[in-house]
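Below: the structure, in structure tokens.
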Amino acid sequence: MNEGNETLALLRETVARTVPFDGDRIRRVRGQTPDFDRSVWRRMAEQGWFSILIPEEDGGLGLGLEAAATVAEQLGMSCAPEPFVMAGVLVPALLARMTDRQMRNEQLPPLLAGDRIVSFAWQSPNGSLNPVDTEIRATKLSDGISLSGRCRFVTPADPDAFILLARSPEGLLLASVPRELVAAHRVLESGPDGVFTAQLTLSGLRLPRSAILMEGEDVGLVVGDALNCAVIAQSAELCGLMQRAFSMTLDYLRTRHQFGVPIGSFQALQHRCVDLFIQQELARHATAAAIRAAGQGVTGRKLALAASSAKARAAYAATLITTQAIQLHGAIGFTDEYDLGLYVNRTARLAASLGNAAWHRRRYADLSEGA
Amino acid sequence: MSFQYGVQQERDWNALSNDEFRQIIRHEFEAHYPSHLRYPPRRLRWHENKDWYLRMAAKGWIAPNWPVEYGGMGLSPAKLLIFYEECERWGIARFQDHGILMLGPLLIKWGTEEQRRRYLPKILSCEEIWCQGYSEPDAGSDLASLKTTAVLEGDEFVITGQKIWTTLAQDATHMFLLARTDPHVKKQQGISFLLLDLNQKGVTIRPIRDIAGHEEFCEVFLDGARTHVSNLVGGLNNGWTVAKSLLGFERIHIGSPKMPEYGLTILENVARACGAWDDPVFRDKYAFLKLDVAHLADAYNHYAGIVIRGEPLGSDVSYLKIWATETFQRIADLIVETAGPFAAIRGPVKIGNSEIDILATFYKARPPTIYGGTNEIQRNIIAQQVLNLPRR
């Protein structure tokens, strides 16, 4: 256990050093294509962070979700725009669960090396988080498949390839699609943090048989588990964001003087800060509990419960803390020039994607009934 | 140590596995605890639950938190946690246990050998029941401003003043109290910790009726009450330090998730009985509270782990008390809302096939945000000691 803690502390330090907070960099890349820094992405790959969830026999580090969440939390502290959770956790988690070994051997190496960025396109335009609600339809042809339908909220929006979740008459399937084939059918939508999501509209996109990565009844489970791992890592990223936003706020309250005293000496503000501190701590412990559950190898419904517990708290707490941070700063907190806003905007994105607090509360309640 | 404080322990509890230990405790509780005393809606009086605690005393189980050499069960933190969990799980009602929870550990840490031999055996046998005399009418949150004085006359302290909110003083034979022994120094530095026999003519105990209709706390008037100088604990004018020196589980017990977990069970029963269980608006509120309790448990387990590993707790642990007690209040308030007109009836209410005391939880949830340091005081402490915000 001590050895594990040391590894994580070292990892945390490495992340802080490799991707430090850099407000100028964040402001420079937002709204651009790509909306993050490819050179930073390569440095992240060199550190092996995309290999964390890949077992050693597949060329990965086999470190588990705790290490991935540690990276995500630290990236949250740095407010990094890089899509680590979506392309560095979700997609590797998905590929690691592919039953076909050869498929894994083909797909993984360029991804882990950071040479190829893959987005998972799965969510229906109405926002449902249930994989079976995908609106992409697959039709089997003699020499392959044809895909039609729409999917939305795809992040990163401008990858090298997509993995599409589609429904065929036989069930769900996953297909690999190079970016050129969908480039013309893609609409970008900008997020609060200047990071885009893509909306894909396919009509009769033909792919060879070899594009099918996986099909059969396991696809729903594999996608569900991978999404839940991503939700837990995303909760950790939210923890990092809220911790930094809160510590910036405390610094401000200690140094900002009005009426001749530091405003942090006012009891009304002190008590509000304690309420924010409680939410921060609950989010930290709820996320740690979810990580522990995942580390014990739970899957399916139990993993979903753990993920929803963490995200329901982390999204609620991060939203409360960042919005209260604006109020506690006063007008300066609402300016783009002041760094707090970067944390507010990143939190707004993450709190709303992969299920917001209300959605996860509902799922938690539904899944825990009769447990 | 040849002196025998209490009955011999039948075995070395810490040598058992956690599961074995839990099974033994659970079996005893389930087999012998009177079922009509489970989860009572108010604090029970000594005449109501003394049979159970005399049984515990005879078994040597009355003081799970004390070392074996002083007649306790000598449980490791992990085993102690299990013991408390099983008490709470089975809804075992507390008695006036300040002697066990507070005074015993304080005497073991601060008392003289003579004080320990005089007092610990009778706490263990329940012959002497102790109450805590800290709060006064003008010294609540600002406890250090207490006015009760203890003046040395010959070899006795003469104590004059008034204590209030003294839990179950009407069941107690003795009181440990804080009194001012030096009025000329900074207020925390002139306080001493004293032991007092309540059976004397300078002591008047008057129960206070609370809004739930119960008499769980009292006023205690001290009018020249006397105690021998040998009943000073921890040295003259050192009482503030003695009283503040609670350690380990005593500091996190008040933040345990068991009370709100129990509240959720009642809330579910009320919602089912009143037909609200499938109402989506109710379900959303219920899910919110369920997660509030689940995350309290996640945080509590973290701190329990610190205690179990024998590491020191920081001031940050106080937020457990805030969150546990305020969550319990939100649950109690939703019970009342969900019960609709039934919440206008006091005592057990027949709703369909169920019988539920709706208001019991409503009343039970009020004192915890006040006692043990109000939640506002806890917030001051966290703001200044954990968040390093400046003092006024």
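Every chain in the structure tokens has a letter given in the order shown (A, B, ...), and although residue numbers restart at 1 in each chain, ligands are simply numbered from 1 in the order shown.
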
Closest atom pairs, chain A residues within 6 Å of chain B, only C-alpha atoms, as a tab-separated table:
residue	atom	partner	partner_atom	distance
A:Gly264	CA	B:Leu389	CA	5.6
A:Ser265	CA	B:Pro390	CA	4.9
A:Gln270	CA	B:Ala383	CA	5.6
A:His271	CA	B:Arg379	CA	5.7
A:Leu282	CA	B:His295	CA	5.8
A:His285	CA	B:Ala299	CA	5.4
A:Ala286	CA	B:His295	CA	5.5
A:Arg361	CA	B:Ala287	CA	5.9
A:Ala365	CA	B:Ala287	CA	5.4

Write the residues you've just listed into a file as a PDB file, in the first residue's frame, and include N, CA and C atoms for each of them.
ATOM      1  N   GLY A 264     -11.780  37.827   4.299  1.00  0.00           N
ATOM      2  CA  GLY A 264     -11.877  36.459   4.819  1.00  0.00           C
ATOM      3  C   GLY A 264     -12.074  36.393   6.321  1.00  0.00           C
ATOM      4  N   SER A 265     -12.002  37.552   7.008  1.00  0.00           N
ATOM      5  CA  SER A 265     -12.236  37.541   8.453  1.00  0.00           C
ATOM      6  C   SER A 265     -13.723  37.657   8.774  1.00  0.00           C
ATOM      7  N   GLN A 270     -16.679  33.148   6.022  1.00  0.00           N
ATOM      8  CA  GLN A 270     -15.986  31.967   6.572  1.00  0.00           C
ATOM      9  C   GLN A 270     -16.923  30.761   6.569  1.00  0.00           C
ATOM     10  N   HIS A 271     -18.142  30.972   7.022  1.00  0.00           N
ATOM     11  CA  HIS A 271     -19.064  29.834   7.103  1.00  0.00           C
ATOM     12  C   HIS A 271     -19.422  29.314   5.714  1.00  0.00           C
ATOM     13  N   LEU A 282     -16.398  15.805   0.506  1.00  0.00           N
ATOM     14  CA  LEU A 282     -17.324  14.727   0.154  1.00  0.00           C
ATOM     15  C   LEU A 282     -17.030  14.225  -1.253  1.00  0.00           C
ATOM     16  N   HIS A 285     -13.875  12.052  -1.218  1.00  0.00           N
ATOM     17  CA  HIS A 285     -14.051  10.721  -0.634  1.00  0.00           C
ATOM     18  C   HIS A 285     -15.013   9.863  -1.464  1.00  0.00           C
ATOM     19  N   ALA A 286     -16.034  10.488  -2.053  1.00  0.00           N
ATOM     20  CA  ALA A 286     -16.961   9.726  -2.908  1.00  0.00           C
ATOM     21  C   ALA A 286     -16.207   9.204  -4.126  1.00  0.00           C
ATOM     22  N   ARG A 361     -27.782  11.163 -10.086  1.00  0.00           N
ATOM     23  CA  ARG A 361     -28.583  10.923  -8.876  1.00  0.00           C
ATOM     24  C   ARG A 361     -29.738   9.984  -9.188  1.00  0.00           C
ATOM     25  N   ALA A 365     -30.312   6.195  -7.740  1.00  0.00           N
ATOM     26  CA  ALA A 365     -31.529   5.790  -7.030  1.00  0.00           C
ATOM     27  C   ALA A 365     -32.159   4.569  -7.693  1.00  0.00           C
TER      28      ALA A 365
END

Every residue of region 23-71 of chain A that DSSP places in alpha helix (DSSP H), as a list in words: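 Restricting region 23-71 of chain A to alpha helix (DSSP H) produces Gly23, Asp24, Arg25, Ile26, Arg27, Arg28, Val29, Arg38, Ser39, Val40, Trp41, Arg42, Arg43, Met44, Ala45, Glu46, Leu65, Glu66, Ala67, Ala68, Ala69, Thr70 and Val71 of chain A.
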
Kindly save the residues from that selection, with C-alpha atoms included, as a PDB file, in the first residue's frame.
ATOM      1  CA  GLY A  23      -3.402  30.376 -18.605  1.00  0.00           C
ATOM      2  CA  ASP A  24      -1.881  31.833 -21.780  1.00  0.00           C
ATOM      3  CA  ARG A  25      -1.722  28.410 -23.388  1.00  0.00           C
ATOM      4  CA  ILE A  26      -5.349  27.631 -22.472  1.00  0.00           C
ATOM      5  CA  ARG A  27      -6.525  30.967 -23.900  1.00  0.00           C
ATOM      6  CA  ARG A  28      -4.447  30.455 -27.051  1.00  0.00           C
ATOM      7  CA  VAL A  29      -5.847  27.071 -28.065  1.00  0.00           C
ATOM      8  CA  ARG A  38      -0.863  18.064 -29.894  1.00  0.00           C
ATOM      9  CA  SER A  39       2.673  18.484 -28.570  1.00  0.00           C
ATOM     10  CA  VAL A  40       1.368  18.299 -25.002  1.00  0.00           C
ATOM     11  CA  TRP A  41      -0.618  15.217 -26.003  1.00  0.00           C
ATOM     12  CA  ARG A  42       2.592  13.555 -27.246  1.00  0.00           C
ATOM     13  CA  ARG A  43       4.385  14.386 -24.016  1.00  0.00           C
ATOM     14  CA  MET A  44       1.497  12.808 -22.126  1.00  0.00           C
ATOM     15  CA  ALA A  45       1.883   9.704 -24.294  1.00  0.00           C
ATOM     16  CA  GLU A  46       5.635   9.588 -23.630  1.00  0.00           C
ATOM     17  CA  LEU A  65      -8.155   3.285 -12.574  1.00  0.00           C
ATOM     18  CA  GLU A  66      -6.604   4.819  -9.457  1.00  0.00           C
ATOM     19  CA  ALA A  67      -3.557   5.915 -11.433  1.00  0.00           C
ATOM     20  CA  ALA A  68      -5.676   7.156 -14.351  1.00  0.00           C
ATOM     21  CA  ALA A  69      -7.844   9.143 -11.925  1.00  0.00           C
ATOM     22  CA  THR A  70      -4.734  10.608 -10.315  1.00  0.00           C
ATOM     23  CA  VAL A  71      -3.608  11.907 -13.705  1.00  0.00           C
TER      24      VAL A  71
END

10 Å contact set for region 84-93 of chain B, only C-alpha atoms, chain neighbours under 6 positions out, as a PyMOL selection string: chain B and resi 22-23+25-27+29-30+33-35+37-45+49+52+64-65+249+253+256-259+261-262

Based on the selection just made, write C-alpha atoms of those residues as a PDB file, in the first residue's frame.
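Produced file result20.pdb, reproduced below:
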ATOM      1  CA  ARG B  22     -18.645  -9.114  15.006  1.00  0.00           C
ATOM      2  CA  GLN B  23     -20.586 -12.376  15.132  1.00  0.00           C
ATOM      3  CA  ILE B  25     -21.189  -9.162  19.581  1.00  0.00           C
ATOM      4  CA  ARG B  26     -24.125  -9.414  17.220  1.00  0.00           C
ATOM      5  CA  HIS B  27     -25.260 -12.692  18.718  1.00  0.00           C
ATOM      6  CA  PHE B  29     -27.211  -8.208  21.203  1.00  0.00           C
ATOM      7  CA  GLU B  30     -29.752 -10.086  19.124  1.00  0.00           C
ATOM      8  CA  TYR B  33     -31.291  -7.025  24.148  1.00  0.00           C
ATOM      9  CA  PRO B  34     -34.988  -6.380  24.959  1.00  0.00           C
ATOM     10  CA  SER B  35     -36.730  -5.848  21.628  1.00  0.00           C
ATOM     11  CA  LEU B  37     -36.121  -1.004  23.799  1.00  0.00           C
ATOM     12  CA  ARG B  38     -34.711  -0.974  20.261  1.00  0.00           C
ATOM     13  CA  TYR B  39     -34.537   2.480  18.624  1.00  0.00           C
ATOM     14  CA  PRO B  40     -36.534   4.267  21.324  1.00  0.00           C
ATOM     15  CA  PRO B  41     -37.914   7.680  20.290  1.00  0.00           C
ATOM     16  CA  ARG B  42     -36.183   9.392  23.257  1.00  0.00           C
ATOM     17  CA  ARG B  43     -33.301   8.869  25.688  1.00  0.00           C
ATOM     18  CA  LEU B  44     -34.238   6.103  28.139  1.00  0.00           C
ATOM     19  CA  ARG B  45     -34.047   6.581  31.889  1.00  0.00           C
ATOM     20  CA  ASN B  49     -32.573   0.134  30.637  1.00  0.00           C
ATOM     21  CA  TRP B  52     -29.340  -4.437  30.100  1.00  0.00           C
ATOM     22  CA  PRO B  64     -15.340  -1.498  25.271  1.00  0.00           C
ATOM     23  CA  ASN B  65     -13.149   1.607  24.896  1.00  0.00           C
ATOM     24  CA  PHE B 249     -13.393   7.752  18.307  1.00  0.00           C
ATOM     25  CA  HIS B 253     -18.423   9.278  16.889  1.00  0.00           C
ATOM     26  CA  SER B 256     -21.063   8.610  12.341  1.00  0.00           C
ATOM     27  CA  PRO B 257     -23.433   7.906   9.425  1.00  0.00           C
ATOM     28  CA  LYS B 258     -25.617   5.553  11.503  1.00  0.00           C
ATOM     29  CA  MET B 259     -28.101   8.156  12.716  1.00  0.00           C
ATOM     30  CA  GLU B 261     -28.883   5.971   7.822  1.00  0.00           C
ATOM     31  CA  TYR B 262     -31.544   5.116  10.366  1.00  0.00           C
TER      32      TYR B 262
END

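Atom pair CA of Lys163 (chain B) / CA of Ile62 (chain B): separated by 27.3 Å.
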
Spatial neighbours of Glu136 (chain B), max dist 7 Å, only C-alpha atoms, sep filter under 4 positions, as a list in words: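 Selected residues are Gly140, Leu146, Gln162, Lys163 and Ile164 of chain B.
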
Just the selected residues (C-alpha atoms), exported as a short mmCIF file (atom, residue, chain, number, x, y, z; two decimals), in the first residue's frame, please.
data_model
loop_
_atom_site.label_atom_id
_atom_site.label_comp_id
_atom_site.auth_asym_id
_atom_site.auth_seq_id
_atom_site.Cartn_x
_atom_site.Cartn_y
_atom_site.Cartn_z
CA GLY B 140 -22.63 27.90 26.07
CA LEU B 146 -18.02 29.87 32.80
CA GLN B 162 -25.24 26.79 38.04
CA LYS B 163 -24.83 24.14 35.39
CA ILE B 164 -27.39 23.61 32.62
#

I want to know what sits within 10 Å of Ile326 (chain A), based on only C-alpha atoms, with residues of the same chain fewer than 3 positions away left out; could you give that as a PDB file with C-alpha atoms, in the first residue's frame?
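Okay, this is what ended up in out-v8.pdb:
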ATOM      1  CA  ALA A 245     -10.786  27.095  -7.718  1.00  0.00           C
ATOM      2  CA  THR A 249     -10.698  31.774  -3.533  1.00  0.00           C
ATOM      3  CA  ILE A 321     -17.633  25.754  -5.607  1.00  0.00           C
ATOM      4  CA  THR A 322     -16.768  27.399  -8.915  1.00  0.00           C
ATOM      5  CA  THR A 323     -19.930  29.514  -9.023  1.00  0.00           C
ATOM      6  CA  HIS A 329     -14.207  37.144  -5.680  1.00  0.00           C
ATOM      7  CA  GLY A 330     -16.712  39.767  -6.726  1.00  0.00           C
ATOM      8  CA  ALA A 331     -16.573  41.373 -10.201  1.00  0.00           C
ATOM      9  CA  ILE A 332     -12.974  40.320 -10.906  1.00  0.00           C
ATOM     10  CA  GLY A 333     -14.140  36.696 -10.786  1.00  0.00           C
ATOM     11  CA  PHE A 334     -16.360  37.283 -13.811  1.00  0.00           C
ATOM     12  CA  THR A 335     -13.576  38.604 -16.051  1.00  0.00           C
ATOM     13  CA  LEU A 340     -10.709  31.640 -12.137  1.00  0.00           C
ATOM     14  CA  GLY A 341     -12.975  31.875 -15.191  1.00  0.00           C
ATOM     15  CA  VAL A 344     -15.484  27.872 -14.104  1.00  0.00           C
TER      16      VAL A 344
END

Selected residue of minimal separation from Arg244 (chain A) among A:Ile278, A:Leu8, A:Cys79, A:Ala315, counting only C-alpha atoms: A:Cys79

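Considering the residues A:Glu337, A:Asp35, A:Asp275, A:Glu106 and counting only C-alpha atoms, Leu320 (chain A) has its shortest atom-to-atom contact with A:Asp275.
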
Backbone DSSP call of strand (DSSP E or B) for region 18-132 of chain A, listed as a list in words: Val118, Ser119, Phe120 and Ala121 of chain A

Output N, CA and C atoms for every residue in the selection just made, as a PDB file, in the first residue's frame.
ATOM      1  N   VAL A 118      -8.172   8.995 -31.033  1.00  0.00           N
ATOM      2  CA  VAL A 118      -9.437   8.353 -31.402  1.00  0.00           C
ATOM      3  C   VAL A 118     -10.550   8.875 -30.501  1.00  0.00           C
ATOM      4  N   SER A 119     -11.684   9.202 -31.121  1.00  0.00           N
ATOM      5  CA  SER A 119     -12.861   9.606 -30.348  1.00  0.00           C
ATOM      6  C   SER A 119     -13.896   8.498 -30.378  1.00  0.00           C
ATOM      7  N   PHE A 120     -14.578   8.336 -29.288  1.00  0.00           N
ATOM      8  CA  PHE A 120     -15.663   7.369 -29.235  1.00  0.00           C
ATOM      9  C   PHE A 120     -16.964   8.120 -29.503  1.00  0.00           C
ATOM     10  N   ALA A 121     -17.630   7.755 -30.602  1.00  0.00           N
ATOM     11  CA  ALA A 121     -18.880   8.410 -30.989  1.00  0.00           C
ATOM     12  C   ALA A 121     -20.022   7.450 -30.683  1.00  0.00           C
TER      13      ALA A 121
END

Surrounding residues of region 208-222 of chain A excluding itself and chain neighbours under 6 positions, 8 Å, only C-alpha atoms, as a PyMOL selection string: chain A and resi 94+97-100+103+131-132+143-145+170-177+300

CA of Leu207 (chain A) to CA of Ile163 (chain A), distance in Å rounded to a single decimal: 12.4 Å

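Contact shell of Ala58 (chain B) at 9 Å (only C-alpha atoms; same-chain neighbours under 3 positions omitted): Gly6, Val7, Tyr53, Leu54, Arg55, Trp61, Ile62, Leu124 and Ser125 of chain B.
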
Nearest residue to Gly114 (chain A) from the set A:Ala138, A:Leu303, A:Ala87, A:Ile291 (distances using only C-alpha atoms):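 The closest residue to Gly114 (chain A) is A:Ala87.
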
Among the residues B:Thr369, B:Ser245, B:Ser354, B:Ser17, the one that comes closest to Thr327 (chain B) [using only C-alpha atoms]: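 Ranked by minimum distance to Thr327 (chain B), first place goes to B:Thr369.
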